[in-house]
file structure.cif (mmCIF, C-alpha atoms)
data_start
loop_
_atom_site.label_atom_id
_atom_site.label_comp_id
_atom_site.auth_asym_id
_atom_site.auth_seq_id
_atom_site.Cartn_x
_atom_site.Cartn_y
_atom_site.Cartn_z
CA MET A 1 -73.85 -16.50 30.25
CA TRP A 2 -74.00 -19.97 31.82
CA TYR A 3 -71.64 -18.84 34.60
CA MET A 4 -74.15 -16.08 35.47
CA ILE A 5 -77.13 -18.45 35.43
CA LEU A 6 -75.32 -20.79 37.84
CA ALA A 7 -74.52 -17.80 40.08
CA LEU A 8 -78.20 -16.78 40.10
CA LEU A 9 -79.19 -20.34 40.95
CA ILE A 10 -76.89 -20.21 43.99
CA TRP A 11 -78.10 -16.71 44.96
CA ALA A 12 -81.70 -17.96 44.84
CA SER A 13 -80.84 -20.52 47.54
CA SER A 14 -79.62 -17.70 49.80
CA PHE A 15 -83.24 -16.90 50.76
CA THR A 16 -83.64 -20.34 52.33
CA ALA A 17 -80.22 -20.20 54.00
CA GLY A 18 -80.97 -16.69 55.22
CA LYS A 19 -84.11 -17.87 57.01
CA TYR A 20 -82.03 -20.26 59.10
CA ALA A 21 -79.34 -17.65 59.77
CA TYR A 22 -81.84 -14.98 60.84
CA THR A 23 -83.22 -17.20 63.61
CA ALA A 24 -80.05 -16.47 65.58
CA ILE A 25 -78.26 -13.56 63.87
CA ASP A 26 -79.29 -10.01 62.98
CA PRO A 27 -79.71 -9.72 59.15
CA VAL A 28 -77.13 -6.92 58.84
CA LEU A 29 -74.63 -8.89 60.91
CA THR A 30 -75.33 -11.89 58.68
CA VAL A 31 -74.28 -9.83 55.65
CA GLN A 32 -71.10 -8.78 57.45
CA PHE A 33 -70.24 -12.35 58.48
CA ARG A 34 -70.85 -13.76 54.99
CA LEU A 35 -68.58 -11.07 53.51
CA LEU A 36 -65.88 -11.74 56.11
CA ILE A 37 -65.96 -15.46 55.25
CA ALA A 38 -65.85 -14.75 51.51
CA GLY A 39 -63.11 -12.14 52.05
CA LEU A 40 -60.95 -14.62 53.97
CA ILE A 41 -61.27 -17.15 51.13
CA ALA A 42 -60.36 -14.44 48.59
CA LEU A 43 -57.53 -13.00 50.72
CA PRO A 44 -54.62 -15.04 49.24
CA ILE A 45 -55.39 -13.88 45.67
CA PHE A 46 -55.99 -10.33 46.95
CA VAL A 47 -52.64 -10.19 48.78
CA LYS A 48 -50.80 -11.61 45.77
CA HIS A 49 -52.18 -9.22 43.15
CA TYR A 50 -53.65 -6.07 44.73
CA HIS A 51 -50.35 -4.23 45.38
CA ARG A 52 -49.31 -4.80 41.74
CA LEU A 53 -52.33 -2.96 40.36
CA ASP A 54 -52.20 0.63 39.17
CA LYS A 55 -53.29 3.17 41.83
CA ALA A 56 -56.13 4.46 39.65
CA LEU A 57 -57.40 0.89 39.24
CA ARG A 58 -57.22 0.28 42.98
CA LYS A 59 -59.31 3.41 43.55
CA LYS A 60 -61.96 2.09 41.11
CA LEU A 61 -61.99 -1.25 42.94
CA TRP A 62 -62.72 0.53 46.22
CA TRP A 63 -65.66 2.37 44.64
CA LEU A 64 -66.95 -0.85 43.09
CA ALA A 65 -66.67 -2.67 46.42
CA VAL A 66 -68.71 0.09 48.09
CA LEU A 67 -71.33 0.00 45.30
CA ASN A 68 -71.67 -3.79 45.42
CA PHE A 69 -71.85 -4.28 49.17
CA PRO A 70 -72.44 -1.36 51.58
CA ILE A 71 -74.77 0.32 49.06
CA ALA A 72 -76.39 -2.41 46.93
CA LEU A 73 -76.46 -5.28 49.43
CA MET A 74 -76.98 -3.32 52.66
CA LEU A 75 -79.61 -1.01 51.15
CA GLN A 76 -81.44 -4.09 49.94
CA PHE A 77 -81.52 -5.57 53.45
CA VAL A 78 -82.52 -2.27 55.09
CA GLY A 79 -85.18 -1.73 52.41
CA LEU A 80 -86.66 -5.14 53.15
CA LYS A 81 -87.28 -3.96 56.72
CA TYR A 82 -89.70 -1.32 55.48
CA THR A 83 -91.55 -3.04 52.65
CA SER A 84 -92.92 -6.40 51.60
CA ALA A 85 -90.86 -9.18 50.10
CA SER A 86 -93.18 -9.16 47.07
CA SER A 87 -92.40 -5.55 46.22
CA ALA A 88 -88.69 -6.30 46.64
CA VAL A 89 -88.86 -9.19 44.17
CA THR A 90 -90.77 -6.99 41.71
CA ILE A 91 -88.07 -4.32 41.87
CA VAL A 92 -85.40 -6.97 41.23
CA GLY A 93 -87.43 -7.97 38.18
CA ALA A 94 -87.19 -4.38 36.91
CA GLU A 95 -83.37 -4.43 36.85
CA PRO A 96 -83.15 -5.32 33.12
CA LEU A 97 -85.03 -2.06 32.43
CA PHE A 98 -82.65 -0.22 34.80
CA VAL A 99 -79.71 -1.60 32.80
CA MET A 100 -81.14 -0.37 29.50
CA LEU A 101 -81.95 3.08 30.90
CA VAL A 102 -78.58 3.53 32.64
CA GLY A 103 -76.72 2.09 29.64
CA ALA A 104 -78.44 4.44 27.20
CA LEU A 105 -78.15 7.56 29.41
CA PHE A 106 -74.64 7.15 30.85
CA PHE A 107 -72.68 4.57 28.85
CA GLY A 108 -73.73 5.06 25.21
CA GLN A 109 -75.32 1.64 25.01
CA LYS A 110 -77.46 0.92 21.96
CA ASN A 111 -80.73 -0.82 22.80
CA TYR A 112 -82.86 -2.54 20.19
CA TRP A 113 -86.67 -2.54 20.29
CA TYR A 114 -86.68 -6.17 21.39
CA ASP A 115 -84.44 -5.35 24.39
CA TRP A 116 -87.19 -3.07 25.74
CA ALA A 117 -89.95 -5.49 24.77
CA LEU A 118 -88.32 -8.54 26.36
CA GLY A 119 -87.20 -6.55 29.41
CA GLY A 120 -90.79 -5.37 29.89
CA LEU A 121 -92.11 -8.90 29.36
CA ALA A 122 -89.73 -10.28 31.99
CA PHE A 123 -90.81 -7.53 34.40
CA PHE A 124 -94.47 -8.41 33.78
CA GLY A 125 -93.60 -12.06 34.41
CA ILE A 126 -92.12 -11.13 37.80
CA ILE A 127 -95.32 -9.23 38.68
CA LEU A 128 -97.38 -12.34 37.86
CA LEU A 129 -94.96 -14.51 39.82
CA VAL A 130 -95.40 -12.26 42.87
CA ALA A 131 -99.19 -11.96 42.42
CA GLY A 132 -99.52 -15.75 42.26
CA GLY A 133 -97.86 -16.32 45.60
CA SER A 134 -98.15 -13.03 47.46
CA SER A 135 -99.90 -12.82 50.81
CA ASP A 136 -97.57 -10.49 52.69
CA GLY A 137 -97.68 -6.94 53.90
CA THR A 138 -97.91 -3.36 52.83
CA VAL A 139 -95.72 -1.75 50.19
CA SER A 140 -93.68 1.12 51.66
CA VAL A 141 -92.57 4.01 49.46
CA PHE A 142 -89.43 4.51 51.57
CA GLY A 143 -88.51 0.82 51.51
CA SER A 144 -89.16 0.60 47.77
CA LEU A 145 -87.01 3.68 47.18
CA LEU A 146 -84.12 2.06 49.06
CA LEU A 147 -84.51 -1.09 46.96
CA ILE A 148 -84.55 0.94 43.73
CA LEU A 149 -81.37 2.73 44.81
CA ALA A 150 -79.81 -0.66 45.62
CA GLY A 151 -80.77 -1.91 42.14
CA LEU A 152 -79.33 1.18 40.45
CA ALA A 153 -76.09 0.80 42.43
CA PHE A 154 -75.84 -2.83 41.27
CA VAL A 155 -76.45 -1.76 37.65
CA PHE A 156 -73.75 0.92 37.74
CA SER A 157 -71.36 -1.61 39.31
CA MET A 158 -72.07 -3.99 36.38
CA PHE A 159 -71.04 -1.40 33.79
CA TRP A 160 -67.99 -0.13 35.68
CA GLY A 161 -67.00 -3.63 36.75
CA LYS A 162 -67.10 -4.86 33.16
CA ASP A 163 -64.77 -2.01 32.19
CA VAL A 164 -62.33 -2.89 34.99
CA MET A 165 -62.40 -6.57 34.01
CA GLN A 166 -61.03 -5.61 30.60
CA LYS A 167 -57.81 -4.85 32.48
CA ILE A 168 -57.68 -7.60 35.13
CA ASP A 169 -58.92 -11.18 35.41
CA ALA A 170 -62.36 -11.84 36.92
CA SER A 171 -60.83 -13.83 39.82
CA ILE A 172 -58.61 -10.87 40.82
CA TYR A 173 -61.54 -8.47 40.46
CA THR A 174 -63.83 -10.68 42.57
CA SER A 175 -61.19 -11.19 45.27
CA ALA A 176 -60.55 -7.44 45.47
CA ILE A 177 -64.17 -6.34 45.80
CA LEU A 178 -64.92 -9.09 48.36
CA VAL A 179 -62.02 -8.16 50.63
CA LEU A 180 -62.53 -4.40 50.22
CA GLY A 181 -66.30 -4.84 50.52
CA ALA A 182 -65.97 -6.69 53.83
CA VAL A 183 -63.93 -3.75 55.17
CA ALA A 184 -66.21 -1.08 53.70
CA CYS A 185 -69.32 -2.71 55.25
CA VAL A 186 -68.05 -2.40 58.85
CA PRO A 187 -69.30 1.21 59.47
CA PHE A 188 -72.70 0.32 57.99
CA THR A 189 -72.88 -2.80 60.16
CA LEU A 190 -72.17 -0.75 63.28
CA ILE A 191 -74.93 1.72 62.36
CA PHE A 192 -77.69 -0.61 61.15
CA THR A 193 -77.30 -3.72 63.35
CA GLN A 194 -80.22 -3.86 65.79
CA SER A 195 -79.34 -6.97 67.79
CA TRP A 196 -75.89 -8.00 69.06
CA SER A 197 -77.26 -10.93 71.05
CA ILE A 198 -75.21 -13.40 69.01
CA PHE A 199 -72.22 -12.51 71.18
CA LEU A 200 -74.14 -13.18 74.41
CA LYS A 201 -75.44 -16.71 73.79
CA PRO A 202 -74.22 -20.00 72.24
CA MET A 203 -74.53 -20.22 68.46
CA GLN A 204 -77.07 -22.60 66.94
CA PRO A 205 -75.36 -25.16 64.67
CA LEU A 206 -77.97 -24.69 61.92
CA ALA A 207 -77.42 -20.91 61.92
CA VAL A 208 -73.64 -21.42 61.78
CA GLY A 209 -74.02 -23.76 58.81
CA ALA A 210 -76.31 -21.28 57.07
CA VAL A 211 -73.83 -18.41 57.50
CA LEU A 212 -70.98 -20.58 56.23
CA TYR A 213 -73.04 -21.49 53.16
CA LEU A 214 -73.90 -17.83 52.58
CA GLY A 215 -70.24 -16.88 52.83
CA VAL A 216 -68.69 -19.69 50.77
CA ALA A 217 -71.35 -20.40 48.14
CA CYS A 218 -73.58 -17.32 47.93
CA SER A 219 -70.80 -14.74 48.29
CA TRP A 220 -67.41 -16.06 47.20
CA LEU A 221 -68.42 -18.68 44.60
CA ALA A 222 -71.54 -16.94 43.22
CA TYR A 223 -69.83 -13.55 42.82
CA TRP A 224 -66.88 -15.21 41.06
CA LEU A 225 -69.24 -17.04 38.68
CA PHE A 226 -71.29 -13.91 38.00
CA ASN A 227 -68.23 -11.76 37.35
CA LYS A 228 -66.68 -14.46 35.18
CA GLY A 229 -69.83 -14.46 33.05
CA LEU A 230 -70.06 -10.64 33.06
CA GLN A 231 -66.52 -10.42 31.68
CA TYR A 232 -67.61 -12.05 28.43
CA THR A 233 -71.30 -11.07 28.21
CA PRO A 234 -72.83 -7.73 27.08
CA ALA A 235 -74.29 -5.79 30.02
CA LYS A 236 -77.85 -5.76 28.65
CA MET A 237 -77.68 -9.52 28.01
CA SER A 238 -76.40 -9.98 31.57
CA ALA A 239 -79.39 -8.00 32.80
CA MET A 240 -81.84 -10.31 31.06
CA VAL A 241 -80.75 -13.29 33.20
CA ILE A 242 -81.22 -11.41 36.51
CA PRO A 243 -85.01 -12.09 36.69
CA LEU A 244 -84.17 -15.80 36.75
CA GLU A 245 -83.16 -15.44 40.41
CA PRO A 246 -86.72 -15.18 41.82
CA VAL A 247 -87.78 -17.92 39.38
CA PHE A 248 -85.08 -20.20 40.78
CA GLY A 249 -86.23 -19.19 44.26
CA VAL A 250 -89.79 -20.31 43.50
CA LEU A 251 -88.64 -23.58 41.95
CA SER A 252 -86.33 -24.35 44.89
CA ALA A 253 -89.20 -23.65 47.30
CA MET A 254 -91.25 -26.23 45.41
CA LEU A 255 -88.49 -28.84 45.47
CA ILE A 256 -87.08 -28.26 48.97
CA LEU A 257 -90.03 -26.88 50.94
CA GLY A 258 -92.80 -28.70 49.04
CA GLU A 259 -94.67 -25.51 48.11
CA ASN A 260 -97.32 -25.65 45.37
CA LEU A 261 -97.00 -23.61 42.17
CA GLN A 262 -100.09 -21.46 41.51
CA TRP A 263 -101.18 -21.09 37.87
CA LEU A 264 -100.48 -17.33 37.86
CA THR A 265 -96.98 -17.95 39.20
CA ALA A 266 -96.45 -20.64 36.54
CA VAL A 267 -97.35 -18.13 33.80
CA GLY A 268 -94.89 -15.63 35.31
CA VAL A 269 -92.11 -18.25 35.41
CA PHE A 270 -92.81 -19.12 31.76
CA LEU A 271 -92.68 -15.44 30.68
CA VAL A 272 -89.37 -14.77 32.47
CA ILE A 273 -87.65 -17.89 31.14
CA SER A 274 -88.96 -17.43 27.58
CA SER A 275 -87.89 -13.74 27.61
CA THR A 276 -84.40 -14.73 28.72
CA ILE A 277 -84.06 -17.46 26.08
CA SER A 278 -85.42 -15.17 23.34
CA SER A 279 -82.96 -12.43 24.30
CA ALA A 280 -80.05 -14.87 24.20
CA ILE A 281 -81.07 -16.12 20.73
CA LEU A 282 -81.58 -12.63 19.28
CA HIS A 283 -78.27 -11.31 20.64
CA SER A 284 -76.37 -14.38 19.42
CA LYS A 285 -77.66 -13.63 15.89
CA LYS A 286 -76.47 -10.00 16.19
CA ALA A 287 -72.98 -11.10 17.34
#
call {"tool": "encode", "arguments": {"input": "structure.cif", "output": "structure tokens"}}
result
Amino acid sequence: MWYMILALLIWASSFTAGKYAYTAIDPVLTVQFRLLIAGLIALPIFVKHYHRLDKALRKKLWWLAVLNFPIALMLQFVGLKYTSASSAVTIVGAEPLFVMLVGALFFGQKNYWYDWALGGLAFFGIILLVAGGSSDGTVSVFGSLLLILAGLAFVFSMFWGKDVMQKIDASIYTSAILVLGAVACVPFTLIFTQSWSIFLKPMQPLAVGAVLYLGVACSWLAYWLFNKGLQYTPAKMSAMVIPLEPVFGVLSAMLILGENLQWLTAVGVFLVISSTISSAILHSKKA
């Protein structure tokens, strides 16, 4: 689980890095560039192992790459165009509930009463976190729907990815979905990119550094850490740590950007963290 928490800590920093990147690069292009960087880092392991895998397994890896990146990641970015950041964070906070619903309906997962209770408590904590610091725009039904679909795609990829990682190591799995994901994103990038001006003017050093950080840390390293943790952690326990990402985002904004923590946001942070710790303790006793 600690691998996943470290991955979420890195992912939380991607919001700050993204702000610098978006000053010079279209958001969809930024996703493509970060995946290309991560894919190049993962390429040696991919080339060494991919051709040795069973054809059926390779087919699953393609589907998982599409679920993780063109669908989950791209839909998230497109959804953010149409709705507020606050509603997006709230939907991310609902992912533990998505995991329990999808697990129960499609994967025969047994959920205990405290899974639902703590998942709901974490979701409520995210709502308080957003309410304490929200001053942005209107919630769009269309944008929210895209974000929900992105969340569901990520949840399905967690279950199927965990199954695949019973057959191959997490590093091989991560390398495969990064390389295949970078390729699979190209058609989506061509469709959804609104500005190609990056190719017409000199690059800003700060934007270049931000994209490199997004590619190396937030894509290659964070996905490896998350998948490494997922390999050894039950899916519903993995879901309980996901709401920590916006919490880490708030805390990093306080430390790096000097933002103040409102009391309502502080209560939300406390609820999310306490729900996560309680879930870990209860599941460790069941193990």
call {"tool": "resolve_selection", "arguments": {"input": "structure.cif", "expression": "the PyMOL selection byres ((chain A and resi 37-48) around 6)", "output": "NGL selection string"}}
result
:A and (34-36 or 49-50 or 175-176 or 178-179 or 215-216 or 219-220)
call {"tool": "write_last_selection", "arguments": {"input": "structure.cif", "atoms": "C-alpha atoms", "output": "PDB file, keeping the file's coordinate frame"}}
result
ATOM      1  CA  ARG A  34     -70.850 -13.760  54.990  1.00  0.00           C
ATOM      2  CA  LEU A  35     -68.580 -11.070  53.510  1.00  0.00           C
ATOM      3  CA  LEU A  36     -65.880 -11.740  56.110  1.00  0.00           C
ATOM      4  CA  HIS A  49     -52.180  -9.220  43.150  1.00  0.00           C
ATOM      5  CA  TYR A  50     -53.650  -6.070  44.730  1.00  0.00           C
ATOM      6  CA  SER A 175     -61.190 -11.190  45.270  1.00  0.00           C
ATOM      7  CA  ALA A 176     -60.550  -7.440  45.470  1.00  0.00           C
ATOM      8  CA  LEU A 178     -64.920  -9.090  48.360  1.00  0.00           C
ATOM      9  CA  VAL A 179     -62.020  -8.160  50.630  1.00  0.00           C
ATOM     10  CA  GLY A 215     -70.240 -16.880  52.830  1.00  0.00           C
ATOM     11  CA  VAL A 216     -68.690 -19.690  50.770  1.00  0.00           C
ATOM     12  CA  SER A 219     -70.800 -14.740  48.290  1.00  0.00           C
ATOM     13  CA  TRP A 220     -67.410 -16.060  47.200  1.00  0.00           C
TER      14      TRP A 220
END
call {"tool": "atom_distance", "arguments": {"input": "structure.cif", "atom1": "atom CA of A:Leu230", "atom2": "atom CA of A:Ile168"}}
result
12.9 Å
call {"tool": "atom_distance", "arguments": {"input": "structure.cif", "atom1": "atom CA of A:Phe69", "atom2": "atom CA of A:Met203"}}
result
25.2 Å
call {"tool": "resolve_selection", "arguments": {"input": "structure.cif", "expression": "the PyMOL selection byres ((chain A and resi 121) around 12)", "output": "MDAnalysis selection string"}}
result
chainID A and resid 93:94 96:97 114:120 122:128 240 243 267:276 278:279
call {"tool": "write_last_selection", "arguments": {"input": "structure.cif", "atoms": "C-alpha atoms", "output": "compact mmCIF listing (two decimals), in the frame of the given file"}}
result
# COMPACT_ATOMS: atom_id res chain seq x y z
CA GLY A 93 -87.43 -7.97 38.18
CA ALA A 94 -87.19 -4.38 36.91
CA PRO A 96 -83.15 -5.32 33.12
CA LEU A 97 -85.03 -2.06 32.43
CA TYR A 114 -86.68 -6.17 21.39
CA ASP A 115 -84.44 -5.35 24.39
CA TRP A 116 -87.19 -3.07 25.74
CA ALA A 117 -89.95 -5.49 24.77
CA LEU A 118 -88.32 -8.54 26.36
CA GLY A 119 -87.20 -6.55 29.41
CA GLY A 120 -90.79 -5.37 29.89
CA ALA A 122 -89.73 -10.28 31.99
CA PHE A 123 -90.81 -7.53 34.40
CA PHE A 124 -94.47 -8.41 33.78
CA GLY A 125 -93.60 -12.06 34.41
CA ILE A 126 -92.12 -11.13 37.80
CA ILE A 127 -95.32 -9.23 38.68
CA LEU A 128 -97.38 -12.34 37.86
CA MET A 240 -81.84 -10.31 31.06
CA PRO A 243 -85.01 -12.09 36.69
CA VAL A 267 -97.35 -18.13 33.80
CA GLY A 268 -94.89 -15.63 35.31
CA VAL A 269 -92.11 -18.25 35.41
CA PHE A 270 -92.81 -19.12 31.76
CA LEU A 271 -92.68 -15.44 30.68
CA VAL A 272 -89.37 -14.77 32.47
CA ILE A 273 -87.65 -17.89 31.14
CA SER A 274 -88.96 -17.43 27.58
CA SER A 275 -87.89 -13.74 27.61
CA THR A 276 -84.40 -14.73 28.72
CA SER A 278 -85.42 -15.17 23.34
CA SER A 279 -82.96 -12.43 24.30
call {"tool": "atom_distance", "arguments": {"input": "structure.cif", "atom1": "atom CA of A:Met1", "atom2": "atom CA of A:Ser14"}}
result
20.4 Å
call {"tool": "closest_residue", "arguments": {"input": "structure.cif", "among": "A:Val208, A:Ala21, A:Leu9, A:Ala153", "to": "A:Ile71", "atoms": "only C-alpha atoms"}}
result
A:Ala153
call {"tool": "resolve_selection", "arguments": {"input": "structure.cif", "expression": "the PyMOL selection byres ((chain A and resi 100-110) around 10)", "output": "PyMOL selection string"}}
result
chain A and resi 95-99+111-113+115-116+119+152+155-156+159-160+234-237+239
call {"tool": "residues_near_point", "arguments": {"input": "structure.cif", "point": "(-77.3, -7.7, 63.3)", "cutoff": "8 Å", "atoms": "all atoms listed in the file", "output": "VMD selection string"}}
result
chain A and resid 25 to 30 189 192 to 196
call {"tool": "decode", "arguments": {"input": "structure.cif", "residues": "stretch 54-71 of chain A", "atoms": "N, CA, C and O atoms", "output": "mmCIF file, in the first residue's frame"}}
result
data_model
loop_
_atom_site.group_PDB
_atom_site.id
_atom_site.type_symbol
_atom_site.label_atom_id
_atom_site.label_comp_id
_atom_site.auth_asym_id
_atom_site.auth_seq_id
_atom_site.Cartn_x
_atom_site.Cartn_y
_atom_site.Cartn_z
ATOM 1 N N ASP A 54 2.499 -14.267 -24.079
ATOM 2 C CA ASP A 54 1.448 -14.962 -24.810
ATOM 3 C C ASP A 54 0.585 -13.956 -25.577
ATOM 4 O O ASP A 54 0.349 -12.837 -25.117
ATOM 5 N N LYS A 55 0.108 -14.346 -26.773
ATOM 6 C CA LYS A 55 -0.669 -13.434 -27.614
ATOM 7 C C LYS A 55 -1.924 -12.929 -26.912
ATOM 8 O O LYS A 55 -2.299 -11.752 -27.040
ATOM 9 N N ALA A 56 -2.587 -13.814 -26.162
ATOM 10 C CA ALA A 56 -3.796 -13.400 -25.441
ATOM 11 C C ALA A 56 -3.461 -12.344 -24.388
ATOM 12 O O ALA A 56 -4.220 -11.396 -24.171
ATOM 13 N N LEU A 57 -2.297 -12.489 -23.752
ATOM 14 C CA LEU A 57 -1.869 -11.524 -22.742
ATOM 15 C C LEU A 57 -1.527 -10.185 -23.385
ATOM 16 O O LEU A 57 -1.839 -9.125 -22.838
ATOM 17 N N ARG A 58 -0.903 -10.236 -24.553
ATOM 18 C CA ARG A 58 -0.582 -9.002 -25.266
ATOM 19 C C ARG A 58 -1.845 -8.240 -25.660
ATOM 20 O O ARG A 58 -1.899 -7.008 -25.607
ATOM 21 N N LYS A 59 -2.882 -8.989 -26.042
ATOM 22 C CA LYS A 59 -4.160 -8.367 -26.398
ATOM 23 C C LYS A 59 -4.760 -7.659 -25.181
ATOM 24 O O LYS A 59 -5.271 -6.538 -25.293
ATOM 25 N N LYS A 60 -4.693 -8.307 -24.005
ATOM 26 C CA LYS A 60 -5.192 -7.696 -22.774
ATOM 27 C C LYS A 60 -4.420 -6.420 -22.444
ATOM 28 O O LYS A 60 -5.002 -5.426 -21.986
ATOM 29 N N LEU A 61 -3.103 -6.450 -22.675
ATOM 30 C CA LEU A 61 -2.279 -5.276 -22.386
ATOM 31 C C LEU A 61 -2.674 -4.093 -23.274
ATOM 32 O O LEU A 61 -2.662 -2.943 -22.833
ATOM 33 N N TRP A 62 -3.009 -4.376 -24.522
ATOM 34 C CA TRP A 62 -3.475 -3.309 -25.412
ATOM 35 C C TRP A 62 -4.762 -2.683 -24.869
ATOM 36 O O TRP A 62 -4.904 -1.455 -24.814
ATOM 37 N N TRP A 63 -5.710 -3.532 -24.463
ATOM 38 C CA TRP A 63 -6.971 -3.030 -23.922
ATOM 39 C C TRP A 63 -6.738 -2.223 -22.648
ATOM 40 O O TRP A 63 -7.367 -1.178 -22.430
ATOM 41 N N LEU A 64 -5.844 -2.702 -21.795
ATOM 42 C CA LEU A 64 -5.549 -2.000 -20.549
ATOM 43 C C LEU A 64 -4.861 -0.664 -20.815
ATOM 44 O O LEU A 64 -5.116 0.327 -20.115
ATOM 45 N N ALA A 65 -3.994 -0.627 -21.815
ATOM 46 C CA ALA A 65 -3.339 0.629 -22.188
ATOM 47 C C ALA A 65 -4.370 1.646 -22.662
ATOM 48 O O ALA A 65 -4.317 2.829 -22.304
ATOM 49 N N VAL A 66 -5.329 1.188 -23.467
ATOM 50 C CA VAL A 66 -6.387 2.072 -23.968
ATOM 51 C C VAL A 66 -7.265 2.564 -22.814
ATOM 52 O O VAL A 66 -7.623 3.746 -22.734
ATOM 53 N N LEU A 67 -7.608 1.669 -21.875
ATOM 54 C CA LEU A 67 -8.429 2.054 -20.732
ATOM 55 C C LEU A 67 -7.723 3.083 -19.857
ATOM 56 O O LEU A 67 -8.331 4.063 -19.408
ATOM 57 N N ASN A 68 -6.428 2.867 -19.611
ATOM 58 C CA ASN A 68 -5.676 3.739 -18.709
ATOM 59 C C ASN A 68 -5.426 5.117 -19.282
ATOM 60 O O ASN A 68 -5.447 6.110 -18.546
ATOM 61 N N PHE A 69 -5.158 5.196 -20.596
ATOM 62 C CA PHE A 69 -4.687 6.469 -21.149
ATOM 63 C C PHE A 69 -5.659 7.145 -22.111
ATOM 64 O O PHE A 69 -6.225 8.184 -21.746
ATOM 65 N N PRO A 70 -5.908 6.632 -23.327
ATOM 66 C CA PRO A 70 -6.854 7.362 -24.181
ATOM 67 C C PRO A 70 -8.222 7.545 -23.540
ATOM 68 O O PRO A 70 -8.843 8.586 -23.703
ATOM 69 N N ILE A 71 -8.700 6.550 -22.775
ATOM 70 C CA ILE A 71 -10.032 6.682 -22.187
ATOM 71 C C ILE A 71 -9.964 7.399 -20.835
ATOM 72 O O ILE A 71 -10.484 8.502 -20.675
#
